[in-house]
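S.K.: Have a look at this one.
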Amino acid sequence: MKYEFTVSLYFKDKSTAETIYRTLIPETLTTLTDRGDVEVHLEKGTLLKLVIKARDLTMLRALTNSYLRLLDVTIQALKVADYYASST
């Protein structure tokens with residue numbers, strides 16, 4: 001692939017990093033194009049790496065936006081779950 005973008009996220013705890021990792025893995029297995037590819041790695045328990053590769057900038061941008069949105073939604077959902085778990 002011609003273009004590559006890497007996102008590295010550090011989490012406070014291993015549980016959060018693993019949950020987000022397990023959420024993203026199925027998405028990486030169902031890429032519907034041969035113009036790009038995404039890899040997700042969990043390193044040292046709390047470091048989540050997202051490696052996005054694409055043949056052209058348009059696909060790099062599309063994949064980056066999609067995966068950053070998925071990350072955001074997952075993190076927000078975990079915050080809501082933690083809020084309700086702590087209020088009971």
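Naming scheme: A, B, ... for chains in displayed order of the structure tokens; residues 1 onward per chain; ligands 1 onward as shown.
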Excluding same-chain residues fewer than 2 positions from Glu27 (chain A), what lies within 10 Å of it counting only C-alpha atoms, as a list in words?

M.R.: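 In the requested format, the answer is Arg22, Thr23, Leu24, Ile25, Leu29, Thr30, Thr31, Val38, Glu39, Val40, Tyr67 and Leu70 of chain A.
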
S.K.: Find the residues near region 43-48 of chain A: any atom within 10 Å, counting only C-alpha atoms, skip ones fewer than 3 places away on the same chain, and give them as a list in words.

M.R.: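 Neighbouring residues, sequence-local ones excluded: Val7, Ser8, Leu9, Tyr10, Phe11, Lys12, Asp13, Lys14, Ser15, Thr16, Ala17, Glu18, Ile20, Tyr21, Val40 and Val51 of chain A.
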
S.K.: Store the residues picked out above in a file with C-alpha atoms, as a short mmCIF file (atom, residue, chain, number, x, y, z; two decimals), in the first residue's frame.

M.R.:
```cif
data_model
loop_
_atom_site.label_atom_id
_atom_site.label_comp_id
_atom_site.auth_asym_id
_atom_site.auth_seq_id
_atom_site.Cartn_x
_atom_site.Cartn_y
_atom_site.Cartn_z
CA VAL A 7 -2.87 5.82 15.63
CA SER A 8 -1.45 4.91 19.05
CA LEU A 9 -3.73 5.13 22.07
CA TYR A 10 -2.66 4.56 25.65
CA PHE A 11 -5.33 3.55 28.15
CA LYS A 12 -5.28 3.75 31.93
CA ASP A 13 -6.19 0.13 32.39
CA LYS A 14 -5.78 -3.13 30.54
CA SER A 15 -9.50 -3.95 30.66
CA THR A 16 -10.52 -0.86 28.66
CA ALA A 17 -7.81 -1.44 26.06
CA GLU A 18 -8.82 -5.09 25.66
CA ILE A 20 -11.83 -1.69 22.58
CA TYR A 21 -9.43 -4.09 20.87
CA VAL A 40 -5.36 -3.45 15.17
CA VAL A 51 -2.51 0.85 11.40
#
```

S.K.: Using DSSP assignments from the backbone, pull out every residue in chain A that falls under helix (DSSP H, G or I) and give it to me as an MDAnalysis selection string.

M.R.: chainID A and resid 14:28 57:86

S.K.: Give the answer as one residue: which of A:Thr28, A:Val80, A:Ala62, A:Thr19 has the shortest atom-to-atom distance to Leu42 (chain A), using only C-alpha atoms?

M.R.: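 Smallest distance to Leu42 (chain A) is found for A:Thr19.
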
S.K.: Check the DSSP output for the backbone and give back, as an MDAnalysis selection string, the residues of chain A in strand (DSSP E or B).

M.R.: chainID A and resid 3:10 36:43 47:54

S.K.: Between CA of Ser66 (chain A) and CA of Lys79 (chain A), what is the distance in Å, rounded to a tenth?

M.R.: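 These atoms are spaced 20.1 Å apart.
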